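Novice: What follows is protein.cif; its format and atoms are mmCIF, C-alpha atoms.
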data_run
loop_
_atom_site.label_atom_id
_atom_site.label_comp_id
_atom_site.auth_asym_id
_atom_site.auth_seq_id
_atom_site.Cartn_x
_atom_site.Cartn_y
_atom_site.Cartn_z
CA MET W 30 284.68 -100.71 -118.37
CA LYS W 31 282.56 -97.64 -118.86
CA GLU W 32 280.70 -96.98 -122.07
CA PRO W 33 282.43 -94.23 -124.03
CA ASP W 34 279.25 -92.13 -123.86
CA ALA W 35 279.05 -92.40 -120.09
CA LEU W 36 282.67 -91.35 -119.82
CA ASP W 37 282.08 -88.30 -122.02
CA SER W 38 279.08 -87.10 -120.10
CA ASN W 39 280.98 -87.60 -116.86
CA ALA W 40 283.81 -85.38 -118.08
CA ALA W 41 281.29 -82.79 -119.26
CA ASP W 42 279.65 -82.83 -115.84
CA LYS W 43 282.96 -82.26 -114.14
CA TRP W 44 283.74 -79.37 -116.43
CA GLU W 45 280.38 -77.83 -115.67
CA VAL W 46 280.98 -78.16 -111.92
CA GLN W 47 284.33 -76.38 -112.23
CA LEU W 48 282.77 -73.68 -114.36
CA ARG W 49 280.03 -73.05 -111.84
CA LYS W 50 282.44 -72.98 -108.94
CA GLY W 51 284.57 -70.45 -110.72
CA CYS W 52 281.56 -68.18 -111.16
CA LEU W 53 280.19 -68.56 -107.67
CA GLU W 54 282.23 -65.81 -106.07
CA LEU W 55 281.10 -63.27 -108.64
CA ALA W 56 277.52 -64.54 -108.39
CA ILE W 57 277.51 -64.01 -104.62
CA LEU W 58 278.97 -60.51 -104.90
CA ALA W 59 276.36 -59.74 -107.57
CA ALA W 60 273.54 -61.07 -105.37
CA LEU W 61 274.55 -58.49 -102.76
CA TRP W 62 274.74 -55.61 -105.23
CA ASP W 63 271.38 -54.03 -104.38
CA GLY W 64 271.52 -54.44 -100.64
CA ARG W 65 272.31 -56.65 -97.68
CA ARG W 66 271.06 -60.25 -97.58
CA TYR W 67 271.46 -63.27 -95.33
CA GLY W 68 272.76 -66.65 -96.45
CA LEU W 69 269.50 -68.32 -97.38
CA GLU W 70 268.35 -65.24 -99.31
CA ILE W 71 271.58 -65.28 -101.28
CA LEU W 72 271.06 -68.97 -102.02
CA ARG W 73 267.51 -68.41 -103.26
CA ARG W 74 268.72 -65.52 -105.38
CA LEU W 75 271.33 -67.75 -106.98
CA GLU W 76 268.74 -70.41 -107.70
CA ILE W 77 266.18 -68.04 -109.23
CA ASP W 78 268.36 -65.68 -111.23
CA SER W 79 270.99 -68.04 -112.48
CA ALA W 80 271.53 -71.64 -113.35
CA LEU W 81 274.04 -71.97 -110.52
CA ILE W 82 272.60 -74.89 -108.64
CA VAL W 83 274.61 -74.70 -105.51
CA SER W 84 275.12 -77.26 -102.81
CA GLU W 85 273.63 -75.23 -100.01
CA GLY W 86 276.55 -75.68 -97.66
CA THR W 87 279.12 -74.27 -100.09
CA VAL W 88 277.83 -70.73 -99.83
CA TYR W 89 278.66 -70.30 -96.16
CA PRO W 90 282.41 -71.04 -96.17
CA LEU W 91 282.64 -68.91 -99.29
CA LEU W 92 280.89 -66.01 -97.56
CA SER W 93 283.30 -66.35 -94.64
CA ARG W 94 286.19 -66.29 -97.10
CA LEU W 95 284.85 -63.18 -98.81
CA LYS W 96 284.55 -61.59 -95.41
CA ALA W 97 288.13 -62.51 -94.49
CA LEU W 98 289.25 -60.93 -97.77
CA GLY W 99 287.37 -57.74 -96.90
CA MET W 100 284.90 -58.02 -99.79
CA VAL W 101 281.83 -58.21 -97.57
CA SER W 102 280.92 -57.19 -94.04
CA SER W 103 278.40 -58.92 -91.83
CA GLU W 104 276.07 -58.15 -88.94
CA TRP W 105 273.58 -60.11 -86.86
CA VAL W 106 270.01 -58.89 -87.05
CA GLU W 107 267.08 -60.13 -84.97
CA SER W 108 264.32 -61.66 -87.07
CA ASP W 109 260.64 -62.32 -86.53
CA GLY W 110 261.43 -66.03 -86.89
CA GLY W 111 262.71 -65.98 -83.32
CA HIS W 112 266.41 -66.35 -84.14
CA PRO W 113 268.97 -63.84 -85.38
CA ARG W 114 270.20 -63.88 -88.97
CA LYS W 115 273.62 -63.00 -90.24
CA TYR W 116 273.35 -60.37 -92.97
CA TYR W 117 276.08 -59.68 -95.48
CA ALA W 118 276.75 -56.46 -97.38
CA LEU W 119 279.34 -55.45 -99.96
CA THR W 120 282.23 -53.30 -98.77
CA ALA W 121 283.75 -50.63 -101.01
CA GLU W 122 286.47 -53.13 -101.89
CA GLY W 123 283.83 -55.78 -102.66
CA LYS W 124 282.00 -53.42 -104.98
CA ARG W 125 285.19 -52.55 -106.79
CA ARG W 126 286.06 -56.23 -107.14
CA ALA W 127 282.57 -57.16 -108.36
CA LEU W 128 282.68 -54.46 -111.05
CA GLU W 129 286.14 -55.57 -112.11
CA MET W 130 285.06 -59.22 -112.37
CA ALA W 131 281.83 -58.30 -114.15
CA THR W 132 283.79 -56.33 -116.76
CA ILE W 133 286.06 -59.28 -117.39
CA TRP W 134 283.07 -61.61 -117.50
CA VAL W 135 281.17 -59.53 -120.07
CA ARG W 136 284.20 -59.22 -122.32
CA PHE W 137 284.96 -62.91 -122.00
CA SER W 138 281.42 -64.16 -122.56
CA SER W 139 280.79 -61.97 -125.61
CA SER W 140 283.93 -63.19 -127.33
CA MET W 141 283.04 -66.75 -126.33
CA SER W 142 279.53 -66.34 -127.74
CA LYS W 143 280.97 -65.13 -131.04
CA LEU W 144 283.24 -68.13 -131.18
CA LEU W 145 280.40 -70.49 -130.35
CA SER W 146 277.85 -69.03 -132.78
CA PRO W 147 278.60 -71.59 -135.55
CA LEU W 148 277.62 -74.30 -133.05
CA GLY W 149 274.31 -72.57 -132.31
CA LYS W 150 272.17 -74.70 -134.62
CA GLU W 151 273.36 -77.92 -133.05
CA THR W 152 272.86 -76.93 -129.44
CA GLY W 153 269.40 -75.40 -130.04
CA MET P 16 251.50 -77.30 -87.81
CA THR P 17 251.85 -78.05 -84.13
CA LEU P 18 254.19 -80.67 -82.81
CA THR P 19 254.15 -82.56 -79.61
CA TYR P 20 256.80 -81.55 -77.13
CA LYS P 21 258.61 -84.83 -77.70
CA ALA P 22 258.73 -84.47 -81.47
CA GLN P 23 260.03 -80.93 -81.10
CA GLN P 24 262.78 -82.15 -78.84
CA GLN P 25 263.74 -84.81 -81.34
CA GLN P 26 264.10 -82.22 -84.09
CA GLN P 27 266.19 -80.04 -81.83
CA GLN P 28 268.43 -83.00 -81.07
CA LYS P 29 268.92 -83.70 -84.76
CA ILE P 30 270.04 -80.15 -85.42
CA ASP P 31 272.32 -80.18 -82.38
CA ALA P 32 273.87 -83.48 -83.44
CA TYR P 33 274.64 -82.08 -86.89
CA LEU P 34 276.14 -78.89 -85.45
CA ASP P 35 278.16 -80.87 -82.89
CA ARG P 36 279.77 -82.91 -85.63
CA LEU P 37 280.58 -79.71 -87.45
CA ARG P 38 281.98 -78.05 -84.35
CA ARG P 39 284.25 -80.99 -83.55
CA ARG P 40 285.78 -80.74 -87.00
CA LEU P 41 286.41 -76.97 -86.84
CA ARG P 42 289.93 -77.18 -85.47
CA GLY P 43 292.18 -74.15 -85.33
CA PHE P 44 289.40 -71.59 -84.99
CA ASP P 45 289.02 -69.47 -81.90
CA PRO P 46 285.83 -70.22 -79.93
CA SER P 47 284.03 -67.05 -80.96
CA ALA P 48 284.55 -67.84 -84.64
CA VAL P 49 283.24 -71.39 -84.11
CA GLY P 50 280.19 -69.98 -82.31
CA GLU P 51 279.55 -67.61 -85.18
CA ILE P 52 279.71 -70.37 -87.80
CA VAL P 53 277.50 -72.71 -85.79
CA GLU P 54 274.88 -70.05 -85.07
CA GLU P 55 274.75 -68.96 -88.70
CA LEU P 56 274.13 -72.54 -89.83
CA ARG P 57 271.54 -73.10 -87.10
CA SER P 58 269.73 -70.01 -88.32
CA HIS P 59 269.95 -71.35 -91.89
CA ILE P 60 268.52 -74.75 -90.93
CA LEU P 61 265.56 -73.21 -89.08
CA ASP P 62 264.80 -70.75 -91.89
CA ARG P 63 265.22 -73.38 -94.56
CA ALA P 64 262.89 -75.79 -92.76
CA ALA P 65 260.29 -73.07 -92.20
CA GLN P 66 260.42 -72.16 -95.88
CA SER P 67 259.88 -75.67 -97.16
CA GLU P 68 257.06 -76.11 -94.64
CA ASP P 69 255.37 -73.03 -96.11
CA MET P 70 256.07 -73.78 -99.73
CA SER P 71 255.51 -77.49 -100.04
CA GLY P 72 253.45 -78.10 -96.93
CA GLU P 73 256.11 -80.48 -95.73
CA ALA P 74 255.74 -81.55 -92.11
CA LYS P 75 258.30 -80.05 -89.77
CA PRO P 76 260.34 -83.17 -89.01
CA ALA P 77 260.72 -83.90 -92.71
CA ALA P 78 261.50 -80.24 -93.43
CA ILE P 79 264.41 -80.30 -91.00
CA ASP P 80 265.72 -83.53 -92.48
CA THR P 81 265.58 -81.96 -95.94
CA ALA P 82 267.42 -78.87 -94.73
CA LEU P 83 270.19 -80.95 -93.15
CA ALA P 84 270.55 -83.16 -96.21
CA ALA P 85 270.80 -80.12 -98.49
CA LEU P 86 273.68 -78.74 -96.41
CA GLY P 87 275.75 -81.85 -97.05
CA SER P 88 277.86 -83.74 -94.54
CA PRO P 89 278.98 -81.61 -91.56
CA GLU P 90 282.55 -82.90 -91.92
CA GLU P 91 282.82 -81.77 -95.52
CA LEU P 92 281.33 -78.42 -94.69
CA ALA P 93 283.75 -77.95 -91.77
CA ASP P 94 286.69 -78.87 -94.01
CA GLN P 95 285.81 -76.07 -96.37
CA TYR P 96 286.01 -73.59 -93.51
CA VAL P 97 289.19 -75.11 -92.07
CA THR P 98 291.19 -75.06 -95.28
CA ASP P 99 290.53 -71.44 -95.97
CA ASN P 100 291.16 -70.49 -92.37
CA LEU P 101 294.54 -72.24 -92.35
CA LEU P 102 295.61 -70.54 -95.56
CA ALA P 103 294.35 -67.18 -94.29
CA ARG P 104 296.48 -67.57 -91.19
CA ALA P 105 299.50 -68.70 -93.17
CA GLU P 106 299.17 -65.55 -95.21
CA ILE P 107 299.70 -63.25 -92.25
CA SER P 108 302.06 -65.60 -90.47
CA ARG P 109 305.84 -65.48 -90.55
CA SER P 110 306.25 -68.71 -88.59
CA PRO P 111 307.69 -71.56 -90.67
CA LEU P 112 305.89 -74.14 -88.53
CA ARG P 113 302.48 -72.59 -89.02
CA ILE P 114 303.14 -72.12 -92.72
CA LEU P 115 304.20 -75.75 -93.08
CA ARG P 116 301.07 -76.91 -91.28
CA SER P 117 298.91 -74.97 -93.71
CA LEU P 118 300.92 -76.18 -96.67
CA PHE P 119 300.49 -79.82 -95.61
CA ARG P 120 296.76 -79.26 -95.71
CA TRP P 121 296.86 -77.42 -99.03
CA GLY P 122 299.21 -80.05 -100.43
CA SER P 123 296.72 -82.76 -99.58
CA LEU P 124 294.04 -80.95 -101.56
CA SER P 125 295.64 -79.81 -104.78
CA VAL P 126 298.59 -80.41 -107.07
CA ALA P 127 299.68 -76.77 -106.86
CA GLY P 128 299.64 -76.97 -103.09
CA PHE P 129 301.68 -80.15 -103.17
CA PHE P 130 304.46 -78.54 -105.19
CA VAL P 131 304.55 -75.46 -103.00
CA LEU P 132 304.81 -77.78 -99.99
CA LEU P 133 307.62 -79.74 -101.61
CA GLY P 134 309.58 -76.60 -102.50
CA SER P 135 309.11 -75.18 -99.02
CA LEU P 136 310.29 -78.40 -97.38
CA VAL P 137 313.47 -78.35 -99.44
CA GLY P 138 314.06 -74.65 -98.73
CA TYR P 139 313.55 -75.01 -94.98
CA PHE P 140 315.61 -78.19 -94.84
CA PHE P 141 318.70 -76.60 -96.38
CA GLY P 142 318.22 -73.43 -94.37
CA VAL P 143 318.17 -75.40 -91.14
CA VAL P 144 321.16 -77.55 -92.22
CA PHE P 145 323.23 -74.42 -92.95
CA MET P 146 322.50 -73.04 -89.54
CA LEU P 147 323.10 -76.35 -87.76
CA VAL P 148 326.49 -76.72 -89.36
CA ALA P 149 327.40 -73.16 -88.35
CA VAL P 150 326.60 -74.04 -84.74
CA ALA P 151 328.31 -77.45 -84.88
CA LYS P 152 331.53 -75.82 -86.10
CA LEU P 153 331.91 -74.15 -82.73
CA PHE P 154 331.86 -77.52 -80.98
CA HIS P 155 333.68 -79.66 -83.54
CA PRO P 156 336.15 -77.21 -85.13
CA HIS P 157 338.12 -79.92 -86.95
CA THR P 158 335.35 -82.06 -88.36
CA ALA P 159 332.25 -79.90 -88.84
CA GLY P 160 331.71 -77.76 -91.92
CA LEU P 161 331.24 -78.03 -95.66
CA TRP P 162 333.43 -80.79 -97.06
CA THR P 163 334.12 -82.16 -100.50
CA PHE P 164 334.91 -85.80 -101.17
CA PRO P 165 336.11 -87.41 -104.32
CA SER P 166 333.51 -89.71 -105.82
CA GLY P 167 334.19 -91.57 -109.03
CA ARG P 168 337.10 -90.52 -111.21
CA ASP P 169 336.72 -86.79 -111.91
CA ASP P 170 333.71 -86.21 -109.75
CA PHE P 171 333.37 -85.01 -106.21
CA GLU P 172 330.47 -84.41 -103.91
CA PHE P 173 329.68 -81.76 -101.33
CA SER P 174 328.69 -82.78 -97.88
CA PHE P 175 327.59 -80.87 -94.81
CA ARG P 176 329.08 -82.43 -91.73
CA LEU P 177 328.01 -81.75 -88.18
CA GLY P 178 331.32 -83.11 -86.95
CA PHE P 179 330.28 -86.41 -85.43
CA GLY P 180 332.56 -89.32 -86.23
CA SER P 181 335.75 -89.02 -88.20
CA VAL P 182 336.08 -87.55 -91.68
CA PRO P 183 336.30 -90.14 -94.49
CA SER P 184 339.65 -90.21 -96.29
CA GLY P 185 340.25 -87.79 -99.15
CA GLY P 186 337.94 -85.18 -97.71
CA ARG P 187 338.79 -81.51 -97.87
CA GLU P 188 337.08 -78.78 -95.93
CA VAL P 189 335.90 -75.94 -98.13
CA LEU P 190 334.90 -72.94 -96.06
CA GLY P 191 336.85 -73.34 -92.82
CA TRP P 192 335.69 -70.88 -90.16
CA TRP P 193 333.76 -68.95 -92.77
CA ILE P 194 331.01 -71.56 -92.40
CA VAL P 195 329.94 -69.80 -89.17
CA PRO P 196 328.91 -66.41 -90.60
CA ILE P 197 327.98 -67.87 -93.98
CA GLY P 198 325.93 -70.65 -92.41
CA TRP P 199 324.02 -68.26 -90.20
CA LEU P 200 323.41 -65.61 -92.84
CA GLY P 201 322.83 -68.05 -95.69
CA GLY P 202 320.63 -70.37 -93.64
CA GLY P 203 318.62 -67.52 -92.19
CA ALA P 204 318.22 -65.94 -95.61
CA LEU P 205 317.08 -69.26 -97.08
CA VAL P 206 314.46 -69.73 -94.36
CA MET P 207 313.22 -66.18 -94.86
CA LEU P 208 313.18 -66.50 -98.62
CA THR P 209 311.28 -69.78 -98.44
CA THR P 210 308.72 -68.21 -96.11
CA TYR P 211 308.38 -65.21 -98.37
CA ILE P 212 307.85 -67.30 -101.49
CA ALA P 213 305.45 -69.76 -99.82
CA VAL P 214 303.34 -66.91 -98.44
CA GLY P 215 303.35 -65.34 -101.89
CA PHE P 216 301.97 -68.52 -103.42
CA VAL P 217 299.33 -68.86 -100.70
CA ARG P 218 298.27 -65.26 -101.26
CA ARG P 219 298.02 -65.71 -105.00
CA TYR P 220 296.04 -68.89 -104.56
CA ARG P 221 293.57 -67.32 -102.16
CA ARG P 222 293.11 -64.30 -104.40
CA SER P 223 292.35 -66.49 -107.38
CA LEU P 224 288.72 -66.98 -108.23
CA VAL P 225 288.62 -70.72 -107.98
CA LEU P 226 287.31 -72.12 -104.74
CA PRO P 227 289.77 -73.67 -102.32
CA ARG P 228 288.12 -77.06 -102.47
CA PRO P 229 287.22 -79.35 -105.33
#
Mind converting the file's structure to structure tokens?
Specialist:
Amino acid sequence: MKEPDALDSNAADKWEVQLRKGCLELAILAALWDGRRYGLEILRRLEIDSALIVSEGTVYPLLSRLKALGMVSSEWVESDGGHPRKYYALTAEGKRRALEMATIWVRFSSSMSKLLSPLGKETG
Amino acid sequence: MTLTYKAQQQQQQKIDAYLDRLRRRLRGFDPSAVGEIVEELRSHILDRAAQSEDMSGEAKPAAIDTALAALGSPEELADQYVTDNLLARAEISRSPLRILRSLFRWGSLSVAGFFVLLGSLVGYFFGVVFMLVAVAKLFHPHTAGLWTFPSGRDDFEFSFRLGFGSVPSGGREVLGWWIVPIGWLGGGALVMLTTYIAVGFVRRYRRSLVLPRP
């Protein structure tokens, strides 16, 4: 038997994982907004500018999916590290999609924040 | 930090072993796509190791181990590619067999996928039965077709018969020769409709924001 507290925190963790996964696509599109980047750069960007702690592998299949959907394009570029890197850039469709998702996100998060404001004192 | 030739080789072997496991699991991709995935990840591992060498002064062998561990298991990583690839191909495919293959995979991953798979199986099954009966009628004119049989007092049941064996007593054939055009058109339409709906679900699922894997 699990302690009730352990069970609760487990469910909260799962919810957080789902939440992060749902945001990841938008986060990646946003990380490409100001120019092309390669996978590891995108990862670092996600770690620095957001709380999306990503399993490093997850980003690559997702990038390939975004490419298949026509949201990003990619090209191989020689690097000074001695091996080529695959750079990704937003397509016109990707930009449109990112703006659309960002609009929804802003609307959603501001109404959520309003709803959550009474809880503010408790959560610090 | 300089490494002996032997240590360098060992690191190279570790990376190759990881990428080999990944490659073996990437079924259904054409070779150029597999090459692209593998090279991108190799580039990631080398960059990632170089970065943690610079930042934390980690020795190279350890840095490569860290990079591989952070990527997760190669099988899980490959599965994430495979699932999306299968669904992507189902989306542009009109072949029931390919669609079913993708749906089996999707069905094993999510509840939604399971129900789409179930619905598609039923749709294809009846479509194929319709068409089979239409063909069988040509060879067994007296016994093949859509029959009704009394079952219970006021009840009766429908039964598709391919015409093998004799008809149980009390049976009555419903459509006669009409089963041939109706079976072909109806069966074909059912198969097409099932394909259309399944592809629609796959498309909607792939367009949704949630990732294809838990």
Novice: What do you get, as a ChimeraX atom specification, if you spell out every residue that the PyMOL selection byres ((chain W) within 12 of (chain P)) selects here?
Specialist: /W:43-44,46-56,67-73,82-100,103-117,126-127,130
Novice: Any chance you could work out the residue set of the PyMOL selection byres ((chain P and resi 179) around 10) here, as JSON, numbers by chain?
Specialist: {"P": [151, 155, 158, 159, 176, 177, 178, 180, 181, 182]}
Novice: Can you work out the spacing between CA of Ile77 (chain W) and CA of Ala59 (chain W) in Å, to one decimal?
Specialist: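 Going from CA of Ile77 (chain W) over to CA of Ala59 (chain W) covers 13.2 Å.
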Novice: One decimal, in Å: what's the spacing between CA of Ile194 (chain P) and CA of Phe145 (chain P)?
Specialist: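 That distance, rounded to one decimal, is 8.3 Å.
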Novice: So how many Å separate CA of Val206 (chain P) and CA of Leu133 (chain P), to one decimal?
Specialist: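 Atom-to-atom, CA of Val206 (chain P) to CA of Leu133 (chain P), that is 14.1 Å.
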Novice: Run the PyMOL selection byres ((chain P and resi 43) around 10) against the file shown and list the residues it catches, as a JSON list (two decimals) with C-alpha atoms, keeping the file's coordinate frame.
Specialist:
[["chain", "number", "residue", "atom", "x", "y", "z"],
["P", 40, "ARG", "CA", 285.78, -80.74, -87.00],
["P", 41, "LEU", "CA", 286.41, -76.97, -86.84],
["P", 42, "ARG", "CA", 289.93, -77.18, -85.47],
["P", 44, "PHE", "CA", 289.40, -71.59, -84.99],
["P", 45, "ASP", "CA", 289.02, -69.47, -81.90],
["P", 46, "PRO", "CA", 285.83, -70.22, -79.93],
["P", 48, "ALA", "CA", 284.55, -67.84, -84.64],
["P", 49, "VAL", "CA", 283.24, -71.39, -84.11],
["P", 97, "VAL", "CA", 289.19, -75.11, -92.07],
["P", 100, "ASN", "CA", 291.16, -70.49, -92.37],
["P", 101, "LEU", "CA", 294.54, -72.24, -92.35],
["P", 104, "ARG", "CA", 296.48, -67.57, -91.19]]
Novice: Using only C-alpha atoms, which of the listed residues (W:Val101, W:Glu76, W:Glu151, W:Asp42) sits closest to Leu61 (chain W)?
Specialist: W:Val101
Novice: For a quick check of understanding, using all atoms listed in the file, which of P:Gln28, P:Ser71, P:Thr210, P:Gln23 has the smallest distance to Leu115 (chain P)?
Specialist: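 With all atoms listed in the file as the atom set, the closest residue is P:Thr210.
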Novice: Kindly add N, CA and C atoms to the incomplete region 155-166 of chain P and provide the output as a CSV table (one decimal), keeping the file's coordinate frame.
Specialist:
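Printed below is out.csv as written:
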chain,number,residue,atom,x,y,z
P,155,HIS,N,332.8,-78.7,-82.9
P,155,HIS,CA,333.7,-79.7,-83.5
P,155,HIS,C,334.5,-78.9,-84.6
P,156,PRO,N,335.4,-78.1,-84.2
P,156,PRO,CA,336.2,-77.2,-85.1
P,156,PRO,C,336.9,-78.0,-86.2
P,157,HIS,N,337.3,-79.2,-86.0
P,157,HIS,CA,338.1,-79.9,-87.0
P,157,HIS,C,337.3,-80.8,-87.9
P,158,THR,N,336.1,-81.1,-87.5
P,158,THR,CA,335.4,-82.1,-88.4
P,158,THR,C,334.1,-81.5,-88.9
P,159,ALA,N,333.5,-80.4,-88.3
P,159,ALA,CA,332.2,-79.9,-88.8
P,159,ALA,C,332.5,-78.9,-90.0
P,160,GLY,N,331.6,-78.7,-90.8
P,160,GLY,CA,331.7,-77.8,-91.9
P,160,GLY,C,331.3,-78.3,-93.2
P,161,LEU,N,331.6,-77.6,-94.3
P,161,LEU,CA,331.2,-78.0,-95.7
P,161,LEU,C,332.5,-78.7,-96.2
P,162,TRP,N,332.3,-80.0,-96.6
P,162,TRP,CA,333.4,-80.8,-97.1
P,162,TRP,C,333.2,-81.2,-98.5
P,163,THR,N,334.3,-81.5,-99.2
P,163,THR,CA,334.1,-82.2,-100.5
P,163,THR,C,334.8,-83.5,-100.4
P,164,PHE,N,334.3,-84.5,-101.1
P,164,PHE,CA,334.9,-85.8,-101.2
P,164,PHE,C,335.0,-86.2,-102.6
P,165,PRO,N,336.1,-86.9,-103.0
P,165,PRO,CA,336.1,-87.4,-104.3
P,165,PRO,C,335.1,-88.6,-104.4
P,166,SER,N,334.4,-88.6,-105.6
P,166,SER,CA,333.5,-89.7,-105.8
P,166,SER,C,333.6,-90.0,-107.3
